[in-house]
>>> print(open('my_file17.txt').read())   # compact mmCIF, C-alpha atoms
# COMPACT_ATOMS: atom_id res chain seq x y z
CA MET K 1 -28.92 3.09 27.14
CA CYS K 2 -29.58 1.39 23.79
CA SER K 3 -26.57 3.14 22.28
CA PHE K 4 -24.39 2.04 25.21
CA CYS K 5 -25.47 -1.61 24.82
CA SER K 6 -24.89 -1.44 21.06
CA ILE K 7 -21.34 -0.13 21.49
CA LYS K 8 -20.62 -2.78 24.12
CA CYS K 9 -21.90 -5.53 21.81
CA TRP K 10 -19.65 -4.32 18.98
CA PHE K 11 -16.72 -4.15 21.39
CA VAL K 12 -17.33 -7.70 22.62
CA PHE K 13 -17.70 -8.89 19.01
CA PHE K 14 -14.40 -7.42 17.81
CA ASN K 15 -12.66 -8.43 21.01
CA GLY K 16 -13.99 -11.96 20.49
CA ILE K 17 -12.33 -12.08 17.06
CA PHE K 18 -9.16 -10.73 18.69
CA LEU K 19 -9.30 -13.54 21.28
CA ALA K 20 -9.94 -16.14 18.57
CA SER K 21 -6.87 -14.89 16.66
CA GLY K 22 -4.72 -15.32 19.76
CA VAL K 23 -6.06 -18.84 20.36
CA ALA K 24 -5.42 -19.65 16.67
CA LEU K 25 -1.76 -18.60 16.98
CA ILE K 26 -1.36 -20.66 20.18
CA THR K 27 -2.95 -23.67 18.48
CA ILE K 28 -0.75 -23.40 15.37
CA GLY K 29 2.36 -23.05 17.53
CA ALA K 30 1.44 -25.95 19.85
CA LEU K 31 0.45 -28.34 17.06
CA GLN K 32 3.61 -27.62 15.06
CA TYR K 33 6.05 -27.41 18.00
CA SER K 34 7.57 -30.88 17.59
CA THR K 35 7.78 -30.45 13.81
CA TYR K 36 9.53 -27.09 14.13
CA SER K 37 11.94 -28.57 16.70
CA GLN K 38 12.85 -31.37 14.30
CA ILE K 39 13.17 -28.90 11.43
CA GLY K 40 15.47 -26.84 13.66
CA THR K 41 17.75 -29.86 14.18
CA PHE K 42 17.73 -30.60 10.46
CA ALA K 43 17.85 -27.12 8.89
CA GLY K 44 18.96 -24.61 11.53
CA SER K 45 18.35 -24.00 15.23
CA GLY K 46 16.67 -20.63 14.58
CA LEU K 47 13.68 -22.31 12.92
CA SER K 48 12.87 -24.25 16.11
CA LYS K 49 11.99 -20.98 17.86
CA ILE K 50 9.17 -20.13 15.42
CA ALA K 51 6.59 -22.23 17.31
CA ILE K 52 7.62 -20.68 20.66
CA VAL K 53 7.22 -17.16 19.23
CA LEU K 54 3.74 -18.04 17.87
CA ILE K 55 2.64 -19.43 21.26
CA ALA K 56 4.02 -16.41 23.15
CA VAL K 57 2.36 -13.87 20.81
CA GLY K 58 -0.92 -15.79 20.94
CA ALA K 59 -0.82 -15.89 24.76
CA VAL K 60 -0.23 -12.12 24.99
CA ILE K 61 -3.11 -11.44 22.59
CA ALA K 62 -5.44 -13.77 24.56
CA LEU K 63 -4.56 -12.11 27.89
CA VAL K 64 -5.09 -8.61 26.48
CA SER K 65 -8.42 -9.70 25.02
CA ILE K 66 -9.53 -11.11 28.38
CA LEU K 67 -8.63 -7.77 29.98
CA GLY K 68 -10.90 -6.02 27.47
CA HIS K 69 -13.76 -8.43 28.10
CA CYS K 70 -13.47 -7.96 31.87
CA GLY K 71 -13.52 -4.17 31.47
CA ALA K 72 -16.60 -4.33 29.25
CA PHE K 73 -18.61 -6.68 31.46
CA LEU K 74 -17.65 -4.86 34.67
CA ASN K 75 -18.15 -1.40 33.07
CA ASN K 76 -14.66 -0.51 34.28
CA SER K 77 -13.28 2.38 32.24
CA THR K 78 -9.76 1.93 33.70
CA MET K 79 -9.52 -1.66 32.43
CA VAL K 80 -10.90 -0.65 29.03
CA SER K 81 -8.38 2.22 28.89
CA CYS K 82 -5.52 -0.18 29.69
CA PHE K 83 -6.81 -2.50 26.97
CA ILE K 84 -6.83 0.36 24.43
CA CYS K 85 -3.30 1.50 25.37
CA ILE K 86 -1.89 -2.03 25.11
CA LEU K 87 -3.70 -2.54 21.81
CA ILE K 88 -2.18 0.65 20.39
CA ILE K 89 1.29 -0.53 21.48
CA ILE K 90 0.67 -3.91 19.80
CA ILE K 91 -0.43 -2.16 16.57
CA LEU K 92 2.74 -0.03 16.59
CA LEU K 93 4.90 -3.11 17.19
CA GLU K 94 3.15 -4.88 14.32
CA ILE K 95 3.85 -1.91 12.02
CA PHE K 96 7.55 -1.96 12.96
CA THR K 97 7.65 -5.76 12.58
CA GLY K 98 5.96 -5.51 9.18
CA ALA K 99 8.51 -2.92 8.09
CA ALA K 100 11.33 -5.18 9.29
CA PHE K 101 9.89 -8.13 7.35
CA TYR K 102 9.58 -5.91 4.26
CA ILE K 103 13.27 -5.09 4.54
CA PHE K 104 14.10 -8.72 5.32
CA ARG K 105 12.32 -9.94 2.17
CA SER K 106 14.96 -8.31 0.01
CA ARG K 107 16.73 -10.63 -2.42
CA THR K 108 20.00 -10.61 -0.47
CA ALA K 109 18.31 -11.52 2.83
CA LEU K 110 16.29 -14.33 1.23
CA LEU K 111 19.40 -15.74 -0.40
CA GLN K 112 21.20 -15.67 2.97
CA MET K 113 18.29 -17.49 4.66
CA ASN K 114 18.09 -20.09 1.87
CA SER K 115 21.84 -20.55 2.00
CA GLY K 116 21.72 -21.10 5.77
CA ILE K 117 18.97 -23.76 5.50
CA ASN K 118 20.74 -25.48 2.60
CA THR K 119 24.11 -25.57 4.39
CA GLN K 120 22.67 -26.85 7.68
CA ALA K 121 20.54 -29.55 6.04
CA ARG K 122 23.40 -30.81 3.87
CA ALA K 123 25.73 -30.92 6.88
CA ALA K 124 23.11 -32.81 8.94
CA VAL K 125 22.77 -35.51 6.27
CA TYR K 126 26.53 -35.66 5.63
CA GLU K 127 27.35 -36.10 9.33
CA TYR K 128 24.22 -38.06 10.34
CA SER K 129 25.35 -37.79 13.97
CA PRO K 130 23.69 -40.10 16.55
CA LYS K 131 22.06 -37.17 18.41
CA ASN K 132 20.35 -35.92 15.23
CA ARG K 133 19.36 -39.22 13.63
CA HIS K 134 15.91 -39.43 15.18
CA ALA K 135 15.02 -35.90 14.06
CA ILE K 136 16.35 -36.50 10.53
CA ASN K 137 14.38 -39.74 10.20
CA ARG K 138 11.20 -38.11 11.52
CA ILE K 139 11.58 -35.26 9.00
CA GLN K 140 12.03 -37.73 6.13
CA GLU K 141 8.95 -39.68 7.24
CA LYS K 142 6.76 -36.62 7.82
CA PHE K 143 7.61 -34.80 4.58
CA SER K 144 8.01 -37.91 2.39
CA CYS K 145 11.50 -36.83 1.38
CA CYS K 146 15.00 -38.29 1.34
CA GLY K 147 18.34 -36.60 1.87
CA ALA K 148 18.98 -32.86 1.73
CA ASP K 149 18.77 -32.12 -2.01
CA THR K 150 17.98 -35.64 -3.21
CA TYR K 151 18.14 -39.28 -2.10
CA THR K 152 21.64 -39.69 -3.56
CA ASP K 153 23.02 -37.50 -0.73
CA TRP K 154 23.12 -40.63 1.44
CA SER K 155 25.74 -42.18 -0.85
CA ARG K 156 28.13 -39.42 0.29
CA SER K 157 27.21 -39.36 3.99
CA VAL K 158 30.06 -40.27 6.34
CA GLY K 159 27.62 -40.94 9.20
CA TRP K 160 25.56 -43.35 7.09
CA GLY K 161 27.65 -46.44 6.60
CA ASN K 162 25.79 -48.27 3.83
CA HIS K 163 26.22 -46.13 0.70
CA GLU K 164 24.38 -48.72 -1.40
CA ALA K 165 21.17 -48.02 0.53
CA VAL K 166 19.21 -45.18 2.14
CA PRO K 167 17.65 -45.00 5.62
CA ASP K 168 14.36 -46.87 5.99
CA SER K 169 12.69 -43.52 6.75
CA CYS K 170 13.06 -42.71 3.02
CA CYS K 171 10.62 -45.47 2.06
CA PRO K 172 6.98 -44.67 1.17
CA GLU K 173 5.99 -47.63 3.35
CA LYS K 174 8.54 -47.95 6.11
CA ARG K 175 9.69 -51.42 7.04
CA GLU K 176 13.00 -52.83 8.19
CA GLY K 177 15.51 -53.08 5.36
CA CYS K 178 13.32 -51.32 2.78
CA GLY K 179 16.05 -48.70 2.24
CA HIS K 180 18.17 -51.25 0.37
CA ASP K 181 15.89 -50.77 -2.66
CA LYS K 182 16.80 -47.18 -3.50
CA ASP K 183 14.65 -47.16 -6.60
CA LYS K 184 11.50 -47.31 -4.44
CA ALA K 185 12.66 -44.60 -2.01
CA HIS K 186 11.45 -40.99 -2.12
CA LYS K 187 13.48 -39.05 -4.66
CA LYS K 188 12.86 -35.44 -3.63
CA GLY K 189 15.12 -33.83 -1.03
CA CYS K 190 13.95 -32.50 2.32
CA ILE K 191 15.18 -28.94 1.73
CA SER K 192 12.45 -28.18 -0.81
CA ALA K 193 9.83 -29.97 1.33
CA ILE K 194 10.77 -27.94 4.43
CA LYS K 195 10.69 -24.64 2.54
CA LEU K 196 7.23 -25.47 1.15
CA PHE K 197 6.01 -26.31 4.67
CA LEU K 198 7.37 -23.03 6.05
CA LEU K 199 5.76 -21.08 3.19
CA LYS K 200 2.34 -22.67 3.82
CA ASN K 201 2.59 -21.91 7.54
CA LEU K 202 3.64 -18.35 6.73
CA VAL K 203 0.48 -17.94 4.63
CA TRP K 204 -1.68 -19.19 7.53
CA VAL K 205 0.04 -16.92 10.04
CA GLY K 206 -0.16 -14.01 7.59
CA GLY K 207 -3.91 -14.53 7.23
CA VAL K 208 -4.36 -14.55 10.99
CA CYS K 209 -2.24 -11.39 11.33
CA ILE K 210 -4.24 -9.53 8.66
CA ALA K 211 -7.50 -10.41 10.42
CA LEU K 212 -5.83 -9.43 13.68
CA GLY K 213 -4.73 -6.02 12.37
CA ILE K 214 -8.19 -5.13 11.05
CA THR K 215 -9.79 -6.27 14.30
CA GLU K 216 -7.32 -4.26 16.39
CA VAL K 217 -8.07 -0.99 14.55
CA PHE K 218 -11.82 -1.43 14.97
CA GLY K 219 -11.20 -2.62 18.55
CA VAL K 220 -9.41 0.63 19.41
CA ILE K 221 -12.16 2.78 17.83
CA VAL K 222 -15.02 0.89 19.52
CA GLY K 223 -13.00 0.67 22.74
CA VAL K 224 -12.60 4.45 22.90
CA CYS K 225 -16.34 4.87 22.35
CA LEU K 226 -17.11 2.31 25.05
CA CYS K 227 -14.69 3.93 27.50
CA LEU K 228 -16.26 7.35 26.97
CA ASN K 229 -19.76 5.90 27.40
CA ILE K 230 -18.78 4.11 30.62
CA LYS K 231 -17.36 7.36 32.03
CA ARG K 232 -20.46 9.29 30.95
CA LYS K 233 -22.69 6.68 32.56
CA ASN K 234 -20.68 6.78 35.78
CA TYR K 235 -20.95 10.58 35.91
CA GLU K 236 -24.72 10.36 35.39
CA ASN K 237 -25.02 7.85 38.24
CA VAL K 238 -23.03 10.13 40.52
CA ASP K 239 -25.32 13.05 39.67
>>> encode(input="my_file17.txt", output="structure tokens")
Amino acid sequence: MCSFCSIKCWFVFFNGIFLASGVALITIGALQYSTYSQIGTFAGSGLSKIAIVLIAVGAVIALVSILGHCGAFLNNSTMVSCFICILIIIILLEIFTGAAFYIFRSRTALLQMNSGINTQARAAVYEYSPKNRHAINRIQEKFSCCGADTYTDWSRSVGWGNHEAVPDSCCPEKREGCGHDKDKAHKKGCISAIKLFLLKNLVWVGGVCIALGITEVFGVIVGVCLCLNIKRKNYENVD
């Protein structure tokens, strides 16, 4: 009995970390959704889907964790078995995804990604179309940047009429007409600021995924032990 309770406690503990990881991914995705959407408008539509993927993965992890908790508290070996099977599938998917990312991180792939972001951002500033202006201005305000590569990009923008000034969103302290004083505007471009933001978020997500992977392995091991103990206990009750 003591052994059974001990295994269940360990299972609930690791499953709790698993649930917390899922909630963390949902939180990161939800908090950064608007930012990623604006980045997508500015530097490529594919980037806007990152937040949605994080929320979806976090939701799946949370639901699977709840299934495991229900199986443990109800002493239902079928639910625990389903939890273990789904967890094994998730681990395999993570291995394949990790391998894909390892291939993707090759120099050629990184250069292609950087080239795509650079091209899209430069085109967005050059065109400065009415439908994208709000997103561009929000990006410049949020990341304290100006233009794609540098603030002088606005002097070549066909969508921005006043080439002797920059948008007010380039100013450290935004106020109407402040963009006429270009010397006081932010000098760094938004491309480098966006890439730094994505890198920092990648580190956070990577940390969560590492914790998630370790938890999943222990979760499978403890889950198998719990499932066997539940079945043994049920057989003893029948006898």
>>> residues_around(input="my_file17.txt", residues="K:Tyr151", least_positions_apart="2", cutoff="7 Å", atoms="all atoms listed in the file", output="list in words")
Cys146, Gly147, Asp153, Trp154, His186, Lys187, Lys188 and Gly189 of chain K
>>> write_last_selection(input="my_file17.txt", atoms="C-alpha atoms", output="PDB file, in the coordinates of the input")
ATOM      1  CA  CYS K 146      15.000 -38.290   1.340  1.00  0.00           C
ATOM      2  CA  GLY K 147      18.340 -36.600   1.870  1.00  0.00           C
ATOM      3  CA  ASP K 153      23.020 -37.500  -0.730  1.00  0.00           C
ATOM      4  CA  TRP K 154      23.120 -40.630   1.440  1.00  0.00           C
ATOM      5  CA  HIS K 186      11.450 -40.990  -2.120  1.00  0.00           C
ATOM      6  CA  LYS K 187      13.480 -39.050  -4.660  1.00  0.00           C
ATOM      7  CA  LYS K 188      12.860 -35.440  -3.630  1.00  0.00           C
ATOM      8  CA  GLY K 189      15.120 -33.830  -1.030  1.00  0.00           C
TER       9      GLY K 189
END
>>> closest_residue(input="my_file17.txt", among="K:Val203, K:Val80, K:Leu92, K:Leu25", to="K:Val60", atoms="all atoms listed in the file")
K:Leu25
>>> residues_around(input="my_file17.txt", residues="K:Ala123", least_positions_apart="5", cutoff="9 Å", atoms="only C-alpha atoms", output="ChimeraX atom specification")
/K:42-43,118,128,148
>>> closest_residue(input="my_file17.txt", among="K:Pro130, K:Glu141, K:Asn76, K:Gly159", to="K:Arg175", atoms="only C-alpha atoms")
K:Glu141
>>> atom_distance(input="my_file17.txt", atom1="atom CA of K:His163", atom2="atom CA of K:Thr119")
21.0 Å
>>> residues_near_point(input="my_file17.txt", point="(18.6, -44.5, -6.2)", cutoff="10 Å", atoms="all atoms listed in the file", output="list in words")
Thr150, Tyr151, Thr152, Asp153, Trp154, Ser155, Glu164, Ala165, Val166, Gly179, His180, Asp181, Lys182, Asp183, Lys184, Ala185, His186 and Lys187 of chain K
>>> atom_distance(input="my_file17.txt", atom1="atom CA of K:Phe14", atom2="atom CA of K:Gly58")
16.2 Å
>>> closest_residue(input="my_file17.txt", among="K:Asn15, K:Asn229, K:Asn132, K:Ser157", to="K:Ser37", atoms="all atoms listed in the file")
K:Asn132
>>> atom_distance(input="my_file17.txt", atom1="atom CA of K:Leu87", atom2="atom CA of K:Glu216")
6.7 Å
>>> residues_around(input="my_file17.txt", residues="K:Cys227", least_positions_apart="4", cutoff="8 Å", atoms="all atoms listed in the file", output="PyMOL selection string")
chain K and resi 77+80-81+223+231
>>> closest_residue(input="my_file17.txt", among="K:Ile194, K:Cys209, K:Asn201, K:Ser115", to="K:Val57", atoms="all atoms listed in the file")
K:Cys209
>>> residues_around(input="my_file17.txt", residues="K:Phe143", least_positions_apart="3", cutoff="8 Å", atoms="all atoms listed in the file", output="list in words")
Ile139, Gln140, Cys190, Ala193 and Ile194 of chain K
>>> closest_residue(input="my_file17.txt", among="K:Gly219, K:Lys49, K:Tyr36, K:Ser192", to="K:Gly68", atoms="only C-alpha atoms")
K:Gly219
>>> closest_residue(input="my_file17.txt", among="K:Ala211, K:Gly22, K:Gly177, K:Ile90", to="K:Asn162", atoms="all atoms listed in the file")
K:Gly177
>>> build_atoms(input="my_file17.txt", residues="stretch 79-90 of chain K", atoms="all heavy atoms", output="compact mmCIF listing (two decimals), in the frame of the given file")
# COMPACT_ATOMS: atom_id res chain seq x y z
N MET K 79 -9.94 -0.43 33.10
CA MET K 79 -9.52 -1.66 32.43
C MET K 79 -9.64 -1.52 30.92
O MET K 79 -8.76 -1.98 30.18
CB MET K 79 -10.37 -2.84 32.93
CG MET K 79 -10.15 -3.18 34.39
SD MET K 79 -11.19 -4.55 34.96
CE MET K 79 -10.37 -5.94 34.21
N VAL K 80 -10.71 -0.87 30.48
CA VAL K 80 -10.90 -0.65 29.03
C VAL K 80 -9.80 0.27 28.51
O VAL K 80 -9.27 0.06 27.41
CB VAL K 80 -12.30 -0.09 28.72
CG1 VAL K 80 -12.42 0.23 27.23
CG2 VAL K 80 -13.37 -1.08 29.13
N SER K 81 -9.45 1.29 29.29
CA SER K 81 -8.38 2.22 28.89
C SER K 81 -7.04 1.50 28.77
O SER K 81 -6.27 1.73 27.83
CB SER K 81 -8.26 3.36 29.90
OG SER K 81 -9.44 4.13 29.94
N CYS K 82 -6.75 0.62 29.74
CA CYS K 82 -5.52 -0.18 29.69
C CYS K 82 -5.51 -1.07 28.45
O CYS K 82 -4.49 -1.20 27.77
CB CYS K 82 -5.39 -1.04 30.95
SG CYS K 82 -5.01 -0.11 32.44
N PHE K 83 -6.68 -1.66 28.16
CA PHE K 83 -6.81 -2.50 26.97
C PHE K 83 -6.50 -1.71 25.71
O PHE K 83 -5.77 -2.17 24.83
CB PHE K 83 -8.24 -3.07 26.91
CG PHE K 83 -8.59 -3.71 25.60
CD1 PHE K 83 -8.21 -5.02 25.32
CD2 PHE K 83 -9.31 -3.01 24.64
CE1 PHE K 83 -8.53 -5.61 24.11
CE2 PHE K 83 -9.64 -3.60 23.43
CZ PHE K 83 -9.25 -4.89 23.17
N ILE K 84 -7.04 -0.49 25.61
CA ILE K 84 -6.83 0.36 24.43
C ILE K 84 -5.35 0.72 24.29
O ILE K 84 -4.78 0.65 23.20
CB ILE K 84 -7.69 1.64 24.53
CG1 ILE K 84 -9.17 1.29 24.46
CG2 ILE K 84 -7.33 2.62 23.41
CD1 ILE K 84 -10.08 2.44 24.82
N CYS K 85 -4.72 1.11 25.40
CA CYS K 85 -3.30 1.50 25.37
C CYS K 85 -2.42 0.33 24.92
O CYS K 85 -1.52 0.49 24.08
CB CYS K 85 -2.86 1.99 26.75
SG CYS K 85 -3.59 3.57 27.22
N ILE K 86 -2.67 -0.85 25.49
CA ILE K 86 -1.89 -2.03 25.11
C ILE K 86 -2.12 -2.37 23.65
O ILE K 86 -1.18 -2.73 22.92
CB ILE K 86 -2.25 -3.24 26.01
CG1 ILE K 86 -1.86 -2.96 27.47
CG2 ILE K 86 -1.55 -4.51 25.52
CD1 ILE K 86 -2.34 -4.00 28.45
N LEU K 87 -3.37 -2.23 23.19
CA LEU K 87 -3.70 -2.54 21.81
C LEU K 87 -2.98 -1.59 20.85
O LEU K 87 -2.48 -2.01 19.80
CB LEU K 87 -5.21 -2.43 21.60
CG LEU K 87 -5.83 -3.26 20.47
CD1 LEU K 87 -5.46 -4.73 20.62
CD2 LEU K 87 -7.34 -3.10 20.45
N ILE K 88 -2.90 -0.33 21.22
CA ILE K 88 -2.18 0.65 20.39
C ILE K 88 -0.69 0.29 20.31
O ILE K 88 -0.08 0.37 19.25
CB ILE K 88 -2.37 2.07 20.95
CG1 ILE K 88 -3.83 2.52 20.73
CG2 ILE K 88 -1.43 3.06 20.26
CD1 ILE K 88 -4.17 3.84 21.40
N ILE K 89 -0.12 -0.12 21.46
CA ILE K 89 1.29 -0.53 21.48
C ILE K 89 1.50 -1.74 20.58
O ILE K 89 2.48 -1.81 19.82
CB ILE K 89 1.73 -0.85 22.93
CG1 ILE K 89 1.75 0.43 23.78
CG2 ILE K 89 3.12 -1.51 22.93
CD1 ILE K 89 1.97 0.18 25.25
N ILE K 90 0.57 -2.71 20.64
CA ILE K 90 0.67 -3.91 19.80
C ILE K 90 0.61 -3.53 18.32
O ILE K 90 1.37 -4.05 17.50
CB ILE K 90 -0.46 -4.91 20.14
CG1 ILE K 90 -0.22 -5.52 21.53
CG2 ILE K 90 -0.54 -6.02 19.10
CD1 ILE K 90 -1.33 -6.42 22.01
